[in-house]
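The data block below is final-v6.txt; it holds compact mmCIF, C-alpha atoms.
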```txt
# COMPACT_ATOMS: atom_id res chain seq x y z
CA MET A 1 -14.71 -18.20 -5.01
CA ALA A 2 -11.31 -16.58 -5.59
CA ILE A 3 -8.05 -15.86 -3.75
CA GLY A 4 -7.33 -12.26 -2.77
CA ILE A 5 -3.92 -10.58 -2.88
CA ILE A 6 -3.18 -7.08 -1.55
CA ALA A 7 -0.40 -5.48 -3.60
CA GLU A 8 1.24 -2.41 -5.04
CA TYR A 9 3.21 -3.97 -7.91
CA ASN A 10 5.44 -0.90 -7.91
CA PRO A 11 6.61 -2.22 -10.31
CA PHE A 12 5.55 -5.81 -11.02
CA HIS A 13 8.58 -8.12 -10.86
CA LYS A 14 9.54 -11.81 -10.73
CA GLY A 15 9.06 -11.94 -6.97
CA HIS A 16 5.40 -11.02 -7.47
CA LYS A 17 5.07 -13.67 -10.16
CA TYR A 18 6.64 -16.20 -7.78
CA HIS A 19 4.07 -15.29 -5.13
CA ILE A 20 1.17 -15.74 -7.58
CA GLU A 21 2.50 -19.05 -8.92
CA ASN A 22 3.09 -20.48 -5.44
CA THR A 23 -0.29 -19.28 -4.21
CA LEU A 24 -1.86 -21.25 -7.05
CA LYS A 25 0.14 -24.34 -6.03
CA ILE A 26 -1.46 -24.12 -2.58
CA LYS A 27 -4.95 -23.41 -3.90
CA ASN A 28 -5.71 -23.37 -7.61
CA ASP A 29 -8.31 -20.65 -8.13
CA ASP A 30 -8.82 -17.22 -9.66
CA ILE A 31 -6.61 -14.45 -8.28
CA VAL A 32 -8.22 -11.10 -7.45
CA VAL A 33 -5.73 -8.36 -6.57
CA ILE A 34 -6.57 -5.19 -4.69
CA MET A 35 -3.86 -2.74 -5.73
CA SER A 36 -2.72 0.76 -4.77
CA GLY A 37 -3.29 3.52 -7.30
CA ASN A 38 -0.88 6.27 -8.33
CA PHE A 39 0.46 6.93 -4.81
CA VAL A 40 1.69 4.08 -2.65
CA GLN A 41 2.06 3.05 0.97
CA ARG A 42 5.59 4.36 1.49
CA GLY A 43 4.27 7.85 0.77
CA GLU A 44 5.58 8.13 -2.79
CA PRO A 45 4.26 8.44 -6.35
CA SER A 46 4.22 5.08 -8.12
CA ILE A 47 6.93 4.30 -10.68
CA LEU A 48 4.29 3.52 -13.32
CA GLU A 49 0.68 4.66 -13.34
CA LYS A 50 -1.94 2.25 -12.06
CA HIS A 51 -3.43 1.08 -15.36
CA ILE A 52 -0.01 0.00 -16.63
CA ARG A 53 0.59 -1.91 -13.40
CA THR A 54 -2.87 -3.45 -13.77
CA GLU A 55 -1.93 -4.68 -17.25
CA MET A 56 1.30 -6.19 -15.90
CA ALA A 57 -0.66 -8.13 -13.28
CA LEU A 58 -3.26 -9.41 -15.75
CA GLN A 59 -0.48 -10.68 -18.02
CA ASN A 60 1.02 -12.70 -15.17
CA GLY A 61 -1.68 -14.83 -13.59
CA VAL A 62 -4.12 -12.30 -12.10
CA SER A 63 -7.80 -12.54 -13.11
CA MET A 64 -9.06 -9.17 -11.83
CA VAL A 65 -7.61 -5.99 -10.32
CA ILE A 66 -9.55 -3.81 -7.86
CA GLU A 67 -8.27 -0.39 -6.77
CA LEU A 68 -7.39 0.27 -3.15
CA PRO A 69 -8.69 3.82 -2.52
CA VAL A 70 -5.91 6.36 -2.11
CA GLU A 71 -6.81 7.25 1.50
CA TYR A 72 -5.96 3.65 2.49
CA ALA A 73 -3.23 3.03 -0.09
CA THR A 74 -1.04 5.79 1.39
CA ALA A 75 -1.79 4.98 5.03
CA SER A 76 0.09 3.29 7.85
CA ALA A 77 0.14 -0.51 7.83
CA ASP A 78 -2.92 -0.91 10.06
CA VAL A 79 -5.15 1.44 8.03
CA PHE A 80 -3.77 0.16 4.71
CA SER A 81 -4.53 -3.42 5.74
CA LYS A 82 -7.93 -2.72 7.25
CA GLY A 83 -9.15 -0.83 4.16
CA ALA A 84 -7.96 -3.56 1.79
CA VAL A 85 -9.29 -6.44 3.89
CA GLN A 86 -12.69 -4.76 4.33
CA ILE A 87 -13.06 -4.32 0.58
CA LEU A 88 -12.07 -7.92 -0.14
CA ASP A 89 -14.52 -9.09 2.52
CA LYS A 90 -17.34 -7.01 1.01
CA THR A 91 -16.82 -8.60 -2.41
CA ASN A 92 -18.19 -11.89 -1.00
CA ILE A 93 -16.21 -13.79 -3.66
CA ILE A 94 -12.91 -14.25 -1.77
CA SER A 95 -12.19 -17.45 0.17
CA HIS A 96 -8.50 -16.87 1.05
CA LEU A 97 -6.09 -13.95 1.41
CA SER A 98 -2.57 -14.78 0.23
CA PHE A 99 0.42 -12.70 1.26
CA GLY A 100 4.17 -13.01 1.15
CA SER A 101 6.07 -13.06 4.43
CA GLU A 102 9.64 -13.60 5.51
CA TYR A 103 8.36 -15.88 8.29
CA GLY A 104 6.38 -18.17 6.00
CA GLN A 105 3.79 -19.45 8.53
CA THR A 106 0.46 -18.03 9.74
CA ASP A 107 0.39 -19.47 13.30
CA ILE A 108 2.57 -16.82 14.92
CA PHE A 109 0.62 -14.03 13.20
CA ASN A 110 -2.63 -15.46 14.55
CA ASN A 111 -1.25 -15.55 18.11
CA ILE A 112 0.10 -11.99 18.04
CA ALA A 113 -3.03 -10.66 16.34
CA ASP A 114 -5.12 -11.98 19.25
CA ILE A 115 -2.91 -10.09 21.72
CA LEU A 116 -3.01 -6.83 19.76
CA ASN A 117 -6.76 -7.00 19.17
CA ASN A 118 -7.42 -7.59 22.90
CA GLU A 119 -4.49 -5.94 24.66
CA PRO A 120 -3.77 -7.44 28.11
CA GLU A 121 -2.95 -4.91 30.86
CA GLU A 122 0.66 -6.11 31.15
CA PHE A 123 1.20 -5.54 27.44
CA LYS A 124 -0.39 -2.05 27.63
CA THR A 125 1.97 -1.08 30.45
CA LEU A 126 5.03 -2.31 28.56
CA LEU A 127 3.96 -0.46 25.42
CA LYS A 128 3.39 2.78 27.32
CA ASN A 129 6.83 2.55 28.94
CA PHE A 130 8.65 2.14 25.63
CA LEU A 131 6.67 4.98 24.02
CA SER A 132 7.62 7.23 26.95
CA GLN A 133 11.28 6.58 26.07
CA GLY A 134 10.69 8.27 22.71
CA LEU A 135 10.69 5.13 20.59
CA SER A 136 8.44 4.92 17.54
CA TYR A 137 5.17 3.03 17.93
CA PRO A 138 6.30 0.03 15.80
CA ALA A 139 9.56 -0.31 17.78
CA SER A 140 7.73 0.07 21.11
CA ARG A 141 5.10 -2.49 20.15
CA ASN A 142 7.70 -5.08 19.09
CA LYS A 143 9.69 -4.67 22.31
CA ALA A 144 6.53 -4.95 24.41
CA LEU A 145 5.47 -8.10 22.54
CA GLU A 146 8.90 -9.71 22.96
CA ILE A 147 8.81 -9.23 26.72
CA TYR A 148 5.18 -10.26 27.04
CA LEU A 149 5.66 -13.45 25.00
CA ASN A 150 9.26 -14.05 26.13
CA GLN A 151 10.12 -14.71 22.50
CA ASP A 152 12.43 -13.23 19.86
CA LEU A 153 10.18 -11.36 17.45
CA SER A 154 12.85 -9.55 15.44
CA PHE A 155 11.23 -10.88 12.26
CA LEU A 156 8.34 -8.47 12.92
CA SER A 157 10.57 -5.56 11.93
CA GLN A 158 10.53 -6.85 8.34
CA SER A 159 8.05 -4.96 6.19
CA ASN A 160 6.16 -7.91 4.74
CA ASN A 161 5.79 -9.47 8.17
CA ILE A 162 4.41 -6.19 9.52
CA LEU A 163 1.76 -6.19 6.80
CA ALA A 164 1.10 -9.92 7.23
CA LEU A 165 0.34 -9.35 10.90
CA GLU A 166 -1.98 -6.45 10.09
CA TYR A 167 -3.82 -8.50 7.46
CA VAL A 168 -4.50 -11.23 10.03
CA ARG A 169 -5.51 -8.67 12.65
CA SER A 170 -7.95 -7.04 10.23
CA LEU A 171 -9.51 -10.37 9.24
CA LYS A 172 -10.09 -11.14 12.93
CA GLN A 173 -11.39 -7.65 13.75
CA ILE A 174 -14.21 -7.88 11.23
CA ASN A 175 -14.79 -11.59 11.86
CA SER A 176 -14.20 -12.30 8.18
CA LYS A 177 -14.71 -15.73 6.67
CA ILE A 178 -11.62 -15.15 4.51
CA LYS A 179 -8.77 -17.45 5.57
CA PRO A 180 -5.12 -16.29 5.57
CA LEU A 181 -2.39 -18.17 3.71
CA THR A 182 1.19 -17.13 3.26
CA VAL A 183 3.98 -17.80 0.76
CA LYS A 184 7.52 -17.54 2.16
CA ARG A 185 9.56 -14.83 0.48
CA VAL A 186 12.74 -15.93 -1.23
CA VAL A 187 16.18 -14.39 -1.85
CA SER A 188 15.81 -10.71 -1.02
CA LYS A 189 14.30 -8.72 1.79
CA TYR A 190 11.37 -6.41 1.06
CA ASN A 191 13.34 -3.17 1.43
CA GLN A 192 16.78 -4.42 0.39
CA SER A 193 18.43 -1.59 -1.54
CA THR A 194 20.61 -3.62 -3.92
CA LEU A 195 19.62 -6.08 -6.64
CA SER A 196 20.06 -9.76 -5.80
CA GLY A 197 19.64 -11.80 -8.94
CA GLU A 198 16.37 -12.55 -10.69
CA ILE A 199 14.19 -12.07 -7.59
CA SER A 200 14.99 -8.69 -6.07
CA SER A 201 13.06 -6.37 -3.78
CA ALA A 202 10.83 -3.67 -5.25
CA THR A 203 12.98 -1.13 -3.37
CA SER A 204 16.17 -2.25 -5.13
CA ILE A 205 14.37 -2.37 -8.49
CA ARG A 206 13.10 1.19 -8.11
CA GLN A 207 16.57 2.38 -7.13
CA ALA A 208 18.12 0.62 -10.13
CA LEU A 209 15.54 2.19 -12.44
CA LEU A 210 16.38 5.64 -11.04
CA ASN A 211 20.07 4.88 -11.73
CA ASN A 212 19.33 3.65 -15.28
CA ASP A 213 20.90 0.31 -14.42
CA GLU A 214 19.80 -2.00 -17.24
CA ILE A 215 20.56 -5.16 -15.27
CA VAL A 216 17.31 -4.40 -13.40
CA TYR A 217 15.31 -5.88 -16.29
CA ASN A 218 16.57 -9.36 -15.35
CA SER A 219 14.29 -9.05 -12.30
CA MET A 220 11.16 -8.57 -14.40
CA PRO A 221 9.03 -10.96 -16.45
CA GLU A 222 9.82 -10.74 -20.15
CA ASN A 223 6.27 -9.57 -20.94
CA CYS A 224 6.68 -6.55 -18.66
CA LYS A 225 9.92 -5.09 -19.97
CA HIS A 226 8.38 -3.02 -22.78
CA PHE A 227 6.39 -0.96 -20.26
CA PHE A 228 9.64 0.70 -19.23
CA ASN A 229 10.46 2.15 -22.65
CA ASN A 230 10.94 5.93 -22.35
CA LEU A 231 10.38 5.71 -18.60
CA ASN A 232 10.30 9.11 -16.88
CA ILE A 233 10.34 8.45 -13.14
CA LYS A 234 9.09 11.15 -10.80
CA THR A 235 9.93 11.25 -7.10
CA LEU A 236 8.31 13.06 -4.20
CA ASP A 237 10.80 15.90 -4.67
CA ASP A 238 9.12 16.75 -7.97
CA TYR A 239 6.06 17.83 -5.93
CA THR A 240 8.02 20.33 -3.81
CA ASP A 241 6.54 23.49 -5.37
CA ILE A 242 3.00 22.12 -4.98
CA LEU A 243 3.68 21.41 -1.31
CA LYS A 244 5.16 24.89 -0.75
CA TYR A 245 2.04 26.50 -2.22
CA ILE A 246 -0.24 24.40 0.02
CA LEU A 247 1.81 25.31 3.11
CA LEU A 248 1.60 29.00 2.22
CA THR A 249 -2.18 28.88 1.94
CA THR A 250 -3.05 26.52 4.82
CA SER A 251 -3.38 27.50 8.49
CA LYS A 252 -1.63 25.57 11.25
CA SER A 253 -4.95 24.29 12.60
CA ASP A 254 -6.05 23.09 9.16
CA LEU A 255 -2.68 21.42 8.59
CA SER A 256 -3.17 19.40 11.77
CA THR A 257 -6.30 17.77 10.27
CA PHE A 258 -4.34 15.90 7.59
CA ALA A 259 -3.69 12.19 8.08
CA ASP A 260 -0.40 11.41 9.87
CA VAL A 261 0.10 15.06 10.88
CA THR A 262 0.10 14.37 14.61
CA GLU A 263 1.50 15.68 17.91
CA GLY A 264 2.84 18.97 16.61
CA ILE A 265 4.36 17.77 13.33
CA GLU A 266 2.57 20.71 11.68
CA ASN A 267 4.73 23.10 13.73
CA ARG A 268 7.95 21.43 12.60
CA ILE A 269 6.81 21.51 8.97
CA LEU A 270 5.77 25.17 9.00
CA SER A 271 8.89 26.37 10.82
CA THR A 272 11.36 24.62 8.49
CA ASP A 273 12.95 26.15 5.40
CA PHE A 274 13.61 23.62 2.64
CA ALA A 275 14.57 23.42 -1.03
CA THR A 276 13.17 19.93 -1.58
CA ILE A 277 10.78 17.60 0.19
CA SER A 278 13.73 15.28 0.91
CA GLU A 279 15.47 18.12 2.72
CA LEU A 280 12.32 18.90 4.71
CA LEU A 281 11.96 15.27 5.77
CA SER A 282 15.59 14.98 6.86
CA LYS A 283 15.25 18.17 8.96
CA ILE A 284 12.04 17.19 10.78
CA LYS A 285 12.77 13.48 11.29
CA THR A 286 13.08 12.41 14.93
CA LYS A 287 13.62 9.16 16.83
CA ARG A 288 9.86 8.91 17.32
CA TYR A 289 8.76 9.90 13.81
CA THR A 290 10.27 7.76 11.09
CA TYR A 291 11.11 9.04 7.64
CA THR A 292 8.32 6.92 6.15
CA LYS A 293 5.67 8.25 8.56
CA LEU A 294 6.64 11.83 7.71
CA GLN A 295 6.66 10.98 4.02
CA LYS A 296 3.08 9.73 4.35
CA ALA A 297 2.12 12.96 6.13
CA ILE A 298 3.52 15.02 3.25
CA VAL A 299 1.63 12.94 0.67
CA HIS A 300 -1.59 13.36 2.64
CA ILE A 301 -1.09 17.13 2.62
CA LEU A 302 -0.46 17.05 -1.15
CA LEU A 303 -3.56 14.91 -1.81
CA ASN A 304 -5.89 16.56 0.73
CA ILE A 305 -6.36 13.34 2.71
CA LYS A 306 -7.68 14.05 6.20
CA LYS A 307 -7.67 11.87 9.30
CA SER A 308 -11.45 11.60 8.89
CA ASP A 309 -10.99 10.11 5.40
CA GLN A 310 -8.99 7.20 6.84
CA ASN A 311 -11.39 6.63 9.72
CA LYS A 312 -14.38 5.88 7.50
CA ASN A 313 -15.20 2.46 6.08
CA PRO A 314 -14.73 1.79 2.33
CA GLN A 315 -17.61 3.04 0.22
CA TYR A 316 -17.14 1.18 -3.07
CA ILE A 317 -15.32 -1.50 -5.08
CA ARG A 318 -13.67 -0.06 -8.18
CA ILE A 319 -12.56 -2.28 -11.05
CA LEU A 320 -9.26 -1.36 -12.73
CA GLY A 321 -9.09 -4.37 -15.04
CA PHE A 322 -9.90 -8.02 -15.68
CA LYS A 323 -9.08 -10.88 -18.02
CA LYS A 324 -11.51 -11.24 -20.90
CA ASP A 325 -12.00 -14.95 -20.21
CA LYS A 326 -12.65 -14.20 -16.51
CA LYS A 327 -15.58 -11.86 -17.05
CA TYR A 328 -17.74 -14.24 -15.02
CA LEU A 329 -15.87 -12.92 -11.96
CA LEU A 330 -17.23 -9.45 -12.64
CA THR A 331 -20.74 -10.87 -12.98
CA GLU A 332 -20.35 -12.80 -9.72
CA LEU A 333 -18.90 -9.76 -7.95
CA THR A 334 -21.75 -7.50 -9.08
CA LYS A 335 -24.32 -10.00 -7.78
CA LYS A 336 -22.69 -10.78 -4.43
CA ALA A 337 -20.87 -7.59 -3.33
CA THR A 338 -22.34 -5.55 -0.49
CA LEU A 339 -20.69 -2.35 -1.77
CA PRO A 340 -21.39 -0.69 -5.14
CA VAL A 341 -19.13 -2.00 -7.92
CA LEU A 342 -17.79 0.91 -9.99
CA ILE A 343 -16.52 0.91 -13.56
CA ASN A 344 -17.62 4.23 -15.07
CA VAL A 345 -15.92 7.27 -13.52
CA LYS A 346 -18.31 9.90 -14.87
CA GLU A 347 -21.29 8.15 -13.29
CA ASN A 348 -19.52 7.92 -9.92
CA GLU A 349 -17.72 11.26 -9.58
CA THR A 350 -18.82 11.85 -6.00
CA LEU A 351 -17.48 8.53 -4.72
CA LEU A 352 -14.27 8.85 -6.75
CA GLN A 353 -13.37 12.46 -5.91
CA LYS A 354 -10.18 11.49 -4.07
CA GLU A 355 -9.00 9.30 -6.96
CA ILE A 356 -9.73 11.98 -9.56
CA LEU A 357 -7.76 14.56 -7.56
CA SER A 358 -4.83 12.26 -6.75
CA THR A 359 -4.47 11.22 -10.40
CA ASP A 360 -4.55 14.86 -11.55
CA ILE A 361 -1.85 15.75 -8.99
CA TYR A 362 0.20 12.70 -9.97
CA ASN A 363 0.07 13.84 -13.59
CA LEU A 364 0.92 17.51 -12.92
CA VAL A 365 4.63 16.71 -12.84
CA HIS A 366 4.31 14.13 -15.63
CA LYS A 367 3.04 16.88 -17.98
CA ASN A 368 -0.04 14.81 -18.73
CA LYS A 369 -3.51 16.17 -19.28
CA LYS A 370 -5.97 16.75 -16.46
CA GLY A 371 -8.92 14.36 -16.21
CA LEU A 372 -7.23 11.11 -17.23
CA GLU A 373 -9.46 9.24 -14.77
CA TYR A 374 -12.33 9.94 -17.15
CA THR A 375 -10.58 8.93 -20.36
CA THR A 376 -8.47 5.92 -19.32
CA PRO A 377 -10.56 2.78 -19.82
CA VAL A 378 -10.76 -0.31 -17.65
CA VAL A 379 -7.98 -2.70 -18.71
CA ILE A 380 -9.35 -5.83 -20.43
CA LYS A 381 -6.78 -8.41 -21.55
```

Show me this structure written as structure tokens.
Amino acid sequence: MAIGIIAEYNPFHKGHKYHIENTLKIKNDDIVVIMSGNFVQRGEPSILEKHIRTEMALQNGVSMVIELPVEYATASADVFSKGAVQILDKTNIISHLSFGSEYGQTDIFNNIADILNNEPEEFKTLLKNFLSQGLSYPASRNKALEIYLNQDLSFLSQSNNILALEYVRSLKQINSKIKPLTVKRVVSKYNQSTLSGEISSATSIRQALLNNDEIVYNSMPENCKHFFNNLNIKTLDDYTDILKYILLTTSKSDLSTFADVTEGIENRILSTDFATISELLSKIKTKRYTYTKLQKAIVHILLNIKKSDQNKNPQYIRILGFKKDKKYLLTELTKKATLPVLINVKENETLLQKEILSTDIYNLVHKNKKGLEYTTPVVIK
């Protein structure tokens, strides 16, 4: 059996290495990571393409990397978590799920997960009242939980704790045998915007890379630094012309079918003039709809990801890479998994349509060739 980690590694840094090393101190076993592809959960293109990030992980303690399908990788925390947990569960080779959290203990997540999975009437009423005040769903849920439990739950506003809770909820929802374990985060918060020594948040690292701040490389393992040579970072704004074309050729009713395009957001998008996607987002943002939710909606429009895509269960387990001396994991996975295990893209085009399209769109602004999903091999280190 192995330990599962759900990650983006966007990019891989010393905080990720710390998490892996401390997971192994708790339980010494193989690490299998399920990782986002070329678009990530914040609704952005990844800093480095997925095979490079796979190689970074394999060089730093990971035995195998599985791809989290793009329809889940770009989704809200509950869908992101559910898709990843379901895939790990279907491998039948994972005994524990390890995640970083600012809280550092699993007990409170277990308690809250039970409430959210079986909502008591009092909690439902509280939640409805806060939503009616125009608060976002996450803010409303946290306030309702605080009153219901009579406990300060401000830590739940922290991104890693939000995901930690959703991981535990998902494990309980499918009655998985996988057990949760958590490693307490150190030094910096998940979305802290400034560097803070050797262990910094991925957000601050990405910002430093955009600013060409060379001190950022102190936050990365030595064996990862060469991946950033001649780095050409693309942001969501680089996809503005593609989005404008899609909006010109898509009806309002069709626009409303995309994931995260809800409650009239399509009207706000279509009625707004904008020069960049950033400008569009700033114009349509409201108290109820956060910048990140709207960013996800835009990515789903760009990648043709519908609500129905996120509502279905995972259909496959795709291998992005593995360590040469851990090939037995692949053999074990192939024998025990209850979903098809995919390696060859050409032989699995139908199942991988979303990945093929999302990679081609990712590469449009990187001036790379079309069809790189077919020609980029599985990473073997």

Between A:Asn92, A:Ser36, A:Thr272, A:Thr106, which has the minimum distance to Phe80 of chain A (counting only C-alpha atoms)?
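Of all the options, A:Ser36 lies closest to Phe80 of chain A.
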
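From atom CA of Tyr316 of chain A back to atom CA of Pro340 of chain A, the distance works out to 5.1 Å.
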
Top pick for closest residue to Ala84 of chain A, considering A:Glu102, A:Glu119, A:Asp152, A:Glu8 and counting only C-alpha atoms:
A:Glu8

Determine, counting all atoms listed in the file, which protein, DNA and RNA residues have an atom within 12 Å of an atom of Ile269 of chain A; residues of the same chain fewer than 2 positions away are not included. Present the result as a PyMOL selection string.
chain A and resi 243-244+246-248+250-252+255-256+261-267+271-274+277+279-285+294-295+297-298+301

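Here the selection is built from all atoms listed in the file, and the residues within 8 Å of (3.6, -0.6, -10.4) turn out to be Glu8, Tyr9, Asn10, Pro11, Phe12, Ser46, Ile47, Leu48, Glu49, Lys50, Ile52, Arg53 and Thr54 of chain A.
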
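Neighbouring residues of Asp89 of chain A at 8 Å or closer, counting all atoms listed in the file and skipping chain neighbours under 6 positions away, are Ser176, Lys177 and Ile178 of chain A.
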
Could the residues in this selection be saved with C-alpha atoms as a PDB file, in the coordinates of the input?
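selection21.pdb, written as the output of this step:
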```pdb
ATOM      1  CA  SER A 176     -14.200 -12.300   8.180  1.00  0.00           C
ATOM      2  CA  LYS A 177     -14.710 -15.730   6.670  1.00  0.00           C
ATOM      3  CA  ILE A 178     -11.620 -15.150   4.510  1.00  0.00           C
TER       4      ILE A 178
END
```

Rounded to one decimal, what separation in Å do you get between atom CA of Asn111 of chain A and atom CA of Asn142 of chain A?
13.8 Å

Between atom CA of Gly100 of chain A and atom CA of Lys225 of chain A, what is the distance in Å, rounded to a tenth?
23.3 Å

Could you give me, as a PyMOL selection string, the residues that have an atom at most 12 Å away from the point (18.2, -7.7, -16.0) in the coordinates of the file, using only C-alpha atoms?
chain A and resi 13-14+195-200+205+208-209+212-222+224-225
